[in-house]
$ cat data_10.cif   # mmCIF, C-alpha atoms
data_my_file
#
loop_
_atom_site.label_atom_id
_atom_site.label_comp_id
_atom_site.auth_asym_id
_atom_site.auth_seq_id
_atom_site.Cartn_x
_atom_site.Cartn_y
_atom_site.Cartn_z
CA GLY A 284 -76.46 -48.82 -7.97
CA GLN A 285 -79.67 -48.31 -9.85
CA ASN A 286 -83.18 -49.66 -9.68
CA GLU A 287 -84.82 -50.38 -13.00
CA ARG A 288 -87.94 -51.99 -14.35
CA MET A 289 -88.63 -53.10 -17.90
CA ALA A 290 -91.96 -53.80 -19.57
CA GLY A 291 -92.64 -55.02 -23.09
CA HIS A 292 -95.68 -55.12 -25.37
CA ARG A 293 -96.40 -57.39 -28.31
CA GLY A 294 -99.15 -55.24 -29.82
CA HIS A 295 -102.10 -52.92 -29.34
CA HIS A 296 -105.55 -53.62 -27.89
CA ASP A 297 -108.79 -53.16 -29.67
CA ALA A 298 -110.54 -50.15 -28.13
CA ASP A 299 -114.05 -51.44 -28.78
CA GLU A 300 -113.24 -54.80 -27.17
CA ALA A 301 -111.84 -53.06 -24.07
CA ASP A 302 -115.02 -50.98 -23.77
CA GLY A 303 -117.07 -54.14 -24.00
CA ASN A 304 -115.07 -55.75 -21.21
CA GLU A 305 -115.71 -52.78 -18.96
CA ARG A 306 -119.42 -52.91 -19.68
CA ASP A 307 -119.46 -56.60 -18.80
CA GLY A 308 -117.78 -55.89 -15.46
CA GLN A 309 -114.62 -57.79 -16.46
CA TYR A 310 -111.08 -56.70 -15.82
CA PRO A 311 -109.28 -55.11 -18.79
CA GLU A 312 -106.96 -57.46 -20.64
CA GLN A 313 -103.46 -57.30 -22.11
CA ASP A 314 -102.31 -59.82 -24.71
CA GLY A 315 -105.51 -61.72 -24.00
CA HIS A 316 -104.86 -62.12 -20.25
CA PRO A 317 -106.68 -60.33 -17.42
CA TYR A 318 -104.61 -57.90 -15.40
CA ASN A 319 -105.62 -59.79 -12.24
CA SER A 320 -104.02 -63.06 -13.40
CA PRO A 321 -101.94 -64.96 -10.80
CA VAL A 322 -98.33 -63.78 -10.74
CA SER A 323 -95.27 -65.97 -10.24
CA LEU A 324 -91.89 -64.33 -9.52
CA THR A 325 -88.46 -65.82 -10.30
CA LEU A 326 -85.28 -64.23 -8.95
CA PHE A 327 -82.00 -64.41 -10.91
CA THR A 328 -78.76 -64.00 -8.94
CA SER A 329 -75.37 -65.65 -8.36
CA PRO A 330 -72.71 -65.89 -5.62
CA ILE A 331 -70.18 -64.89 -8.30
CA PHE A 332 -71.39 -61.31 -7.90
CA ALA A 333 -69.39 -61.29 -4.64
CA ASP A 334 -66.19 -61.79 -6.65
CA HIS A 335 -66.27 -58.32 -8.19
CA LEU A 336 -64.00 -56.41 -5.81
CA THR A 337 -63.24 -52.70 -5.52
CA PRO A 338 -60.64 -50.73 -3.51
CA PRO A 339 -61.25 -50.11 0.24
CA GLY A 340 -63.85 -47.41 0.84
CA HIS A 341 -65.34 -47.66 -2.64
CA PRO A 342 -69.16 -47.16 -2.66
CA GLU A 343 -69.77 -50.17 -4.96
CA ARG A 344 -68.36 -52.69 -2.51
CA VAL A 345 -68.91 -56.34 -1.75
CA GLU A 346 -71.22 -55.51 1.18
CA ARG A 347 -73.85 -54.78 -1.44
CA PHE A 348 -73.75 -58.44 -2.39
CA GLU A 349 -74.25 -59.43 1.26
CA VAL A 350 -77.50 -57.46 1.25
CA MET A 351 -78.49 -59.13 -2.01
CA GLN A 352 -77.94 -62.53 -0.40
CA VAL A 353 -80.22 -61.60 2.51
CA VAL A 354 -82.92 -60.59 0.03
CA ALA A 355 -82.49 -63.77 -2.01
CA THR A 356 -82.70 -65.92 1.14
CA GLU A 357 -85.89 -64.19 2.28
CA PHE A 358 -87.43 -64.63 -1.17
CA ARG A 359 -86.49 -68.31 -1.24
CA GLN A 360 -88.06 -68.83 2.21
CA ARG A 361 -91.28 -67.36 0.88
CA GLY A 362 -91.34 -69.88 -1.95
CA VAL A 363 -89.90 -67.70 -4.69
CA ALA A 364 -87.75 -69.58 -7.22
CA VAL A 365 -84.13 -68.38 -7.20
CA GLU A 366 -82.22 -69.24 -10.38
CA THR A 367 -78.53 -69.02 -11.32
CA PRO A 368 -78.07 -67.01 -14.53
CA ARG A 369 -75.90 -67.85 -17.50
CA PRO A 370 -73.37 -65.37 -18.88
CA ALA A 371 -74.52 -63.12 -21.68
CA THR A 372 -72.96 -63.98 -25.03
CA ASP A 373 -70.79 -61.58 -27.01
CA ASP A 374 -73.56 -61.25 -29.58
CA GLU A 375 -76.09 -60.29 -26.91
CA ILE A 376 -73.73 -57.72 -25.39
CA ALA A 377 -72.83 -56.39 -28.85
CA ARG A 378 -76.40 -55.24 -29.42
CA ILE A 379 -75.44 -52.37 -27.08
CA HIS A 380 -71.64 -52.26 -26.85
CA GLU A 381 -68.93 -52.12 -29.51
CA ARG A 382 -67.05 -55.39 -29.99
CA ASP A 383 -63.68 -53.70 -29.44
CA TYR A 384 -64.99 -52.48 -26.09
CA ILE A 385 -66.14 -55.99 -25.17
CA THR A 386 -62.63 -57.19 -25.94
CA LEU A 387 -61.19 -54.44 -23.75
CA ILE A 388 -63.26 -55.57 -20.77
CA ARG A 389 -62.47 -59.24 -21.45
CA GLU A 390 -58.76 -58.44 -21.34
CA THR A 391 -59.12 -57.23 -17.73
CA ALA A 392 -59.96 -60.80 -16.63
CA GLY A 393 -57.52 -62.06 -14.05
CA ARG A 394 -56.20 -58.67 -13.01
CA ALA A 395 -57.14 -55.48 -11.21
CA THR A 396 -57.28 -52.32 -13.31
CA ALA A 397 -58.61 -48.75 -13.10
CA LEU A 398 -60.70 -47.87 -16.16
CA ASP A 399 -61.39 -44.38 -14.85
CA PRO A 400 -61.09 -42.67 -11.42
CA ASP A 401 -64.30 -44.40 -10.23
CA THR A 402 -64.46 -47.69 -12.13
CA PHE A 403 -62.20 -50.58 -11.14
CA THR A 404 -61.94 -54.20 -12.20
CA SER A 405 -60.73 -57.15 -10.16
CA PRO A 406 -59.69 -60.60 -11.43
CA HIS A 407 -63.32 -61.82 -11.63
CA THR A 408 -65.06 -58.63 -12.76
CA TRP A 409 -65.33 -59.81 -16.37
CA GLU A 410 -67.16 -62.96 -15.27
CA ALA A 411 -69.45 -61.05 -12.89
CA ALA A 412 -70.30 -58.41 -15.52
CA CYS A 413 -71.17 -61.07 -18.11
CA LEU A 414 -73.36 -62.85 -15.55
CA ALA A 415 -75.10 -59.60 -14.61
CA ALA A 416 -76.01 -58.99 -18.25
CA GLY A 417 -76.96 -62.65 -18.63
CA ALA A 418 -79.27 -62.46 -15.62
CA ALA A 419 -81.13 -59.58 -17.26
CA VAL A 420 -81.35 -61.46 -20.57
CA GLY A 421 -82.48 -64.60 -18.73
CA ALA A 422 -85.18 -62.61 -16.96
CA VAL A 423 -86.56 -61.53 -20.34
CA ASP A 424 -86.51 -65.09 -21.67
CA HIS A 425 -88.23 -66.38 -18.53
CA VAL A 426 -91.09 -63.89 -18.77
CA LEU A 427 -91.59 -64.65 -22.47
CA GLU A 428 -91.40 -68.43 -22.11
CA ALA A 429 -92.75 -69.38 -18.67
CA GLY A 430 -96.38 -68.66 -19.40
CA GLU A 431 -99.11 -66.42 -18.11
CA GLY A 432 -98.29 -64.46 -14.95
CA ALA A 433 -94.52 -65.06 -15.09
CA ARG A 434 -92.39 -62.22 -13.70
CA ALA A 435 -88.63 -61.99 -13.12
CA PHE A 436 -86.23 -59.92 -11.03
CA ALA A 437 -82.47 -59.77 -11.73
CA LEU A 438 -80.52 -59.04 -8.54
CA VAL A 439 -77.01 -58.33 -9.80
CA ARG A 440 -73.74 -56.46 -9.52
CA PRO A 441 -71.74 -54.75 -10.93
CA PRO A 442 -74.35 -52.18 -11.94
CA GLY A 443 -74.78 -51.09 -15.54
CA HIS A 444 -76.82 -48.00 -16.38
CA HIS A 445 -73.84 -45.61 -16.74
CA ALA A 446 -71.95 -47.86 -19.20
CA GLU A 447 -71.98 -46.39 -22.69
CA ARG A 448 -71.40 -48.07 -26.04
CA ASN A 449 -67.62 -47.92 -25.77
CA ARG A 450 -66.98 -46.63 -22.27
CA ALA A 451 -67.06 -47.97 -18.71
CA MET A 452 -67.95 -45.35 -16.14
CA GLY A 453 -69.74 -44.82 -12.83
CA PHE A 454 -68.84 -48.34 -11.55
CA CYS A 455 -70.50 -49.84 -14.67
CA PHE A 456 -69.07 -52.12 -17.39
CA PHE A 457 -71.96 -53.60 -19.39
CA ASN A 458 -75.36 -51.93 -19.51
CA SER A 459 -77.41 -54.91 -18.38
CA ILE A 460 -80.86 -53.30 -18.61
CA ALA A 461 -80.13 -51.96 -22.11
CA ILE A 462 -78.86 -55.39 -23.18
CA ALA A 463 -82.06 -56.91 -21.80
CA ALA A 464 -84.24 -54.40 -23.65
CA ALA A 465 -82.39 -55.04 -26.92
CA HIS A 466 -82.84 -58.77 -26.34
CA ALA A 467 -86.56 -58.29 -25.81
CA ARG A 468 -86.78 -56.45 -29.12
CA ALA A 469 -84.79 -59.21 -30.81
CA ARG A 470 -87.27 -61.73 -29.37
CA GLY A 471 -90.07 -59.92 -31.21
CA LEU A 472 -91.54 -57.44 -28.76
CA SER A 473 -92.72 -54.38 -30.64
CA ARG A 474 -92.14 -51.93 -27.79
CA VAL A 475 -90.14 -51.91 -24.56
CA ALA A 476 -90.25 -49.49 -21.61
CA ILE A 477 -87.44 -48.99 -19.08
CA VAL A 478 -88.09 -47.12 -15.83
CA ASP A 479 -84.88 -46.14 -13.98
CA PHE A 480 -85.19 -44.71 -10.46
CA ASP A 481 -81.87 -43.60 -8.96
CA VAL A 482 -80.30 -40.41 -7.67
CA HIS A 483 -78.00 -40.62 -10.73
CA HIS A 484 -79.13 -40.41 -14.35
CA GLY A 485 -78.78 -43.58 -16.43
CA ASN A 486 -76.83 -41.91 -19.23
CA GLY A 487 -75.73 -45.13 -20.88
CA THR A 488 -79.26 -46.45 -21.13
CA GLN A 489 -80.53 -43.13 -22.49
CA TRP A 490 -77.94 -42.94 -25.25
CA SER A 491 -78.46 -46.59 -26.17
CA PHE A 492 -82.02 -45.83 -27.29
CA TYR A 493 -82.10 -42.06 -27.76
CA ASP A 494 -82.99 -42.36 -31.46
CA ASP A 495 -85.04 -45.56 -31.14
CA PRO A 496 -88.81 -44.92 -31.00
CA THR A 497 -89.51 -48.54 -30.00
CA VAL A 498 -87.83 -48.19 -26.58
CA LEU A 499 -89.10 -45.71 -24.00
CA PHE A 500 -86.59 -44.72 -21.31
CA VAL A 501 -87.94 -42.93 -18.23
CA SER A 502 -85.42 -41.79 -15.61
CA SER A 503 -86.15 -40.33 -12.19
CA HIS A 504 -82.91 -38.75 -10.91
CA GLN A 505 -81.52 -35.69 -9.19
CA TYR A 506 -80.11 -33.30 -11.80
CA PRO A 507 -77.30 -32.25 -12.23
CA TYR A 508 -75.71 -34.94 -10.04
CA TYR A 509 -73.27 -37.38 -11.63
CA PRO A 510 -72.86 -37.76 -14.55
CA GLY A 511 -74.45 -34.37 -15.26
CA THR A 512 -76.74 -35.65 -18.01
CA GLY A 513 -80.48 -36.14 -18.09
CA ALA A 514 -81.77 -32.59 -18.54
CA ALA A 515 -85.52 -32.15 -18.92
CA GLN A 516 -85.18 -31.39 -22.63
CA ASP A 517 -83.43 -34.72 -23.36
CA ILE A 518 -86.47 -36.44 -24.81
CA GLY A 519 -85.05 -38.36 -27.76
#

$ encode --input "data_10.cif" --output "structure tokens"
Amino acid sequence: GQNERMAGHRGHHDADEADGNERDGQYPEQDGHPYNSPVSLTLFTSPIFADHLTPPGHPERVERFEVMQVVATEFRQRGVAVETPRPATDDEIARIHERDYITLIRETAGRATALDPDTFTSPHTWEAACLAAGAAVGAVDHVLEAGEGARAFALVRPPGHHAERNRAMGFCFFNSIAIAAAHARARGLSRVAIVDFDVHHGNGTQWSFYDDPTVLFVSSHQYPYYPGTGAAQDIG
């Protein structure tokens, strides 16, 4: 699985105003709010993520969900809000994936299939994948709507950063972080940044925005491990 962070910006700051804040001993501001504002975290996850099953011995196995549940329980005990996500809509997914590909994944619902030597569906994979993308979209909406200091964390499976526009691969079906970034842009953010830290390169996320100057994708990975992409000269 991958670890990713996304940040968005509505606009630029006035340089003279920032200098004045520093002279006055105040903290620098972003979007009119001090960087030291109180922060409130909301976690998005669902027990349905346990229903995505893979063959025995597969690395992306249900035990990952058990760890997620431990994390969610600890967060809840510390007073963090834990929310159940909604599924992403076809239109939200289609900002990144071809509609024929969405149909292909939908048609795996209710059965177990092998989409490639590494990537397997089970009867509930379609539902889990839509919820994973929806959790990421919901995290964006929460941060934009909940007010100053709102932050969100989507704790999901199956993973997504290898999924390309019309191809499932590397255990991934829908590219949840790319879908979230596209949703943030659709909500009016002028720029979005994605930071992906994983031993494997997030090829699907890279190709989703390779020619888009409004989305910055930064990947920390071990090259040339799977999938063999992400060379230093791949800068968009």

$ resolve_selection --input "data_10.cif" --expression "the PyMOL selection byres ((chain A and resi 357-366) around 12)" --output "JSON, numbers by chain"
{"A": [322, 323, 324, 325, 326, 327, 328, 329, 330, 350, 351, 352, 353, 354, 355, 356, 367, 368, 369, 417, 418, 419, 421, 422, 425, 433, 434, 435, 436, 437, 438]}

$ resolve_selection --input "data_10.cif" --expression "the PyMOL selection byres ((chain A and resi 484-497) around 6)" --output "VMD selection string"
chain A and resid 444 to 447 461 474 483 498 504 513 519

$ closest_residue --input "data_10.cif" --among "A:Pro507, A:Arg389, A:Ala395, A:Pro406" --to "Val482 (chain A)" --atoms "only C-alpha atoms"
A:Pro507

$ resolve_selection --input "data_10.cif" --expression "the PyMOL selection byres ((chain A and resi 341) around 12)" --output "mmCIF file with C-alpha atoms, in the frame of the given file"
data_model
loop_
_atom_site.group_PDB
_atom_site.id
_atom_site.type_symbol
_atom_site.label_atom_id
_atom_site.label_comp_id
_atom_site.auth_asym_id
_atom_site.auth_seq_id
_atom_site.Cartn_x
_atom_site.Cartn_y
_atom_site.Cartn_z
ATOM 1 C CA LEU A 336 -64.000 -56.410 -5.810
ATOM 2 C CA THR A 337 -63.240 -52.700 -5.520
ATOM 3 C CA PRO A 338 -60.640 -50.730 -3.510
ATOM 4 C CA PRO A 339 -61.250 -50.110 0.240
ATOM 5 C CA GLY A 340 -63.850 -47.410 0.840
ATOM 6 C CA PRO A 342 -69.160 -47.160 -2.660
ATOM 7 C CA GLU A 343 -69.770 -50.170 -4.960
ATOM 8 C CA ARG A 344 -68.360 -52.690 -2.510
ATOM 9 C CA VAL A 345 -68.910 -56.340 -1.750
ATOM 10 C CA GLU A 346 -71.220 -55.510 1.180
ATOM 11 C CA ARG A 347 -73.850 -54.780 -1.440
ATOM 12 C CA PRO A 400 -61.090 -42.670 -11.420
ATOM 13 C CA ASP A 401 -64.300 -44.400 -10.230
ATOM 14 C CA THR A 402 -64.460 -47.690 -12.130
ATOM 15 C CA PHE A 403 -62.200 -50.580 -11.140
ATOM 16 C CA GLY A 453 -69.740 -44.820 -12.830
ATOM 17 C CA PHE A 454 -68.840 -48.340 -11.550
#

$ closest_residue --input "data_10.cif" --among "A:Tyr384, A:Phe480, A:Phe348, A:Phe332" --to "Glu410 (chain A)" --atoms "all atoms listed in the file"
A:Phe332

$ closest_residue --input "data_10.cif" --among "A:Asp424, A:Asp334, A:Asp373, A:Asp517" --to "Ile385 (chain A)" --atoms "only C-alpha atoms"
A:Asp373

$ decode --input "data_10.cif" --residues "region 399-431 of chain A" --atoms "N, CA, C and O atoms" --output "compact mmCIF listing (two decimals), in the first residue's frame"
# COMPACT_ATOMS: atom_id res chain seq x y z
N ASP A 399 -4.93 -9.14 -13.45
CA ASP A 399 -3.56 -9.37 -13.92
C ASP A 399 -2.93 -10.32 -12.91
O ASP A 399 -3.60 -10.76 -11.96
N PRO A 400 -1.67 -10.73 -13.07
CA PRO A 400 -1.09 -11.72 -12.15
C PRO A 400 -1.05 -11.28 -10.68
O PRO A 400 -0.90 -12.12 -9.80
N ASP A 401 -1.19 -9.97 -10.41
CA ASP A 401 -1.11 -9.46 -9.04
C ASP A 401 -2.43 -8.95 -8.49
O ASP A 401 -2.57 -8.78 -7.28
N THR A 402 -3.38 -8.63 -9.34
CA THR A 402 -4.55 -7.83 -8.96
C THR A 402 -5.82 -8.66 -9.09
O THR A 402 -6.23 -9.02 -10.19
N PHE A 403 -6.44 -8.94 -7.94
CA PHE A 403 -7.59 -9.84 -7.87
C PHE A 403 -8.80 -9.12 -7.27
O PHE A 403 -8.66 -8.33 -6.33
N THR A 404 -9.97 -9.44 -7.80
CA THR A 404 -11.20 -8.97 -7.18
C THR A 404 -11.84 -10.11 -6.41
O THR A 404 -11.57 -11.29 -6.63
N SER A 405 -12.72 -9.73 -5.50
CA SER A 405 -13.59 -10.67 -4.79
C SER A 405 -15.01 -10.12 -4.93
O SER A 405 -15.21 -9.03 -5.50
N PRO A 406 -16.03 -10.81 -4.45
CA PRO A 406 -17.40 -10.35 -4.68
C PRO A 406 -17.68 -8.92 -4.23
O PRO A 406 -18.56 -8.25 -4.81
N HIS A 407 -16.97 -8.41 -3.23
CA HIS A 407 -17.25 -7.07 -2.70
C HIS A 407 -16.16 -6.05 -3.03
O HIS A 407 -16.16 -4.95 -2.46
N THR A 408 -15.25 -6.39 -3.94
CA THR A 408 -14.17 -5.46 -4.27
C THR A 408 -14.69 -4.18 -4.90
O THR A 408 -14.22 -3.08 -4.58
N TRP A 409 -15.69 -4.31 -5.81
CA TRP A 409 -16.25 -3.11 -6.43
C TRP A 409 -16.75 -2.13 -5.38
O TRP A 409 -16.44 -0.92 -5.44
N GLU A 410 -17.49 -2.62 -4.41
CA GLU A 410 -18.03 -1.76 -3.36
C GLU A 410 -16.92 -1.13 -2.54
O GLU A 410 -16.94 0.08 -2.25
N ALA A 411 -15.91 -1.93 -2.18
CA ALA A 411 -14.80 -1.42 -1.37
C ALA A 411 -14.01 -0.37 -2.15
O ALA A 411 -13.61 0.66 -1.59
N ALA A 412 -13.76 -0.60 -3.44
CA ALA A 412 -12.99 0.34 -4.24
C ALA A 412 -13.73 1.67 -4.40
O ALA A 412 -13.11 2.75 -4.35
N CYS A 413 -15.04 1.61 -4.59
CA CYS A 413 -15.83 2.85 -4.68
C CYS A 413 -15.83 3.60 -3.36
O CYS A 413 -15.76 4.85 -3.33
N LEU A 414 -15.88 2.87 -2.25
CA LEU A 414 -15.82 3.52 -0.94
C LEU A 414 -14.46 4.12 -0.67
O LEU A 414 -14.35 5.20 -0.06
N ALA A 415 -13.40 3.44 -1.11
CA ALA A 415 -12.05 3.99 -0.91
C ALA A 415 -11.91 5.33 -1.63
O ALA A 415 -11.41 6.31 -1.07
N ALA A 416 -12.37 5.38 -2.88
CA ALA A 416 -12.33 6.63 -3.62
C ALA A 416 -13.24 7.67 -2.98
O ALA A 416 -12.90 8.85 -2.88
N GLY A 417 -14.41 7.22 -2.51
CA GLY A 417 -15.34 8.14 -1.86
C GLY A 417 -14.79 8.70 -0.56
O GLY A 417 -15.07 9.86 -0.21
N ALA A 418 -14.03 7.90 0.17
CA ALA A 418 -13.41 8.40 1.40
C ALA A 418 -12.44 9.53 1.09
O ALA A 418 -12.38 10.54 1.82
N ALA A 419 -11.67 9.38 0.02
CA ALA A 419 -10.73 10.43 -0.36
C ALA A 419 -11.46 11.69 -0.80
O ALA A 419 -11.08 12.81 -0.44
N VAL A 420 -12.53 11.52 -1.59
CA VAL A 420 -13.34 12.66 -2.00
C VAL A 420 -13.98 13.32 -0.78
O VAL A 420 -14.00 14.55 -0.64
N GLY A 421 -14.51 12.51 0.13
CA GLY A 421 -15.13 13.05 1.34
C GLY A 421 -14.14 13.79 2.21
O GLY A 421 -14.50 14.79 2.86
N ALA A 422 -12.90 13.34 2.23
CA ALA A 422 -11.87 14.04 3.01
C ALA A 422 -11.64 15.43 2.44
O ALA A 422 -11.49 16.41 3.19
N VAL A 423 -11.62 15.54 1.11
CA VAL A 423 -11.48 16.86 0.48
C VAL A 423 -12.66 17.75 0.85
O VAL A 423 -12.48 18.91 1.28
N ASP A 424 -13.87 17.24 0.70
CA ASP A 424 -15.05 18.04 1.03
C ASP A 424 -15.03 18.49 2.49
O ASP A 424 -15.39 19.63 2.81
N HIS A 425 -14.62 17.60 3.39
CA HIS A 425 -14.60 17.94 4.81
C HIS A 425 -13.64 19.10 5.07
O HIS A 425 -13.99 20.05 5.78
N VAL A 426 -12.45 19.04 4.50
CA VAL A 426 -11.47 20.09 4.73
C VAL A 426 -11.96 21.43 4.17
O VAL A 426 -11.76 22.48 4.78
N LEU A 427 -12.65 21.39 3.03
CA LEU A 427 -13.11 22.62 2.41
C LEU A 427 -14.34 23.20 3.10
O LEU A 427 -14.59 24.41 3.02
N GLU A 428 -15.12 22.36 3.78
CA GLU A 428 -16.41 22.80 4.31
C GLU A 428 -16.46 22.92 5.83
O GLU A 428 -17.35 23.61 6.35
N ALA A 429 -15.56 22.27 6.55
CA ALA A 429 -15.70 22.19 8.01
C ALA A 429 -15.13 23.39 8.75
O ALA A 429 -15.27 23.48 9.96
N GLY A 430 -14.47 24.28 8.04
CA GLY A 430 -14.00 25.48 8.70
C GLY A 430 -12.52 25.45 9.00
O GLY A 430 -11.80 24.48 8.72
N GLU A 431 -12.08 26.54 9.60
CA GLU A 431 -10.65 26.73 9.88
C GLU A 431 -10.08 25.59 10.72
O GLU A 431 -10.69 25.16 11.70
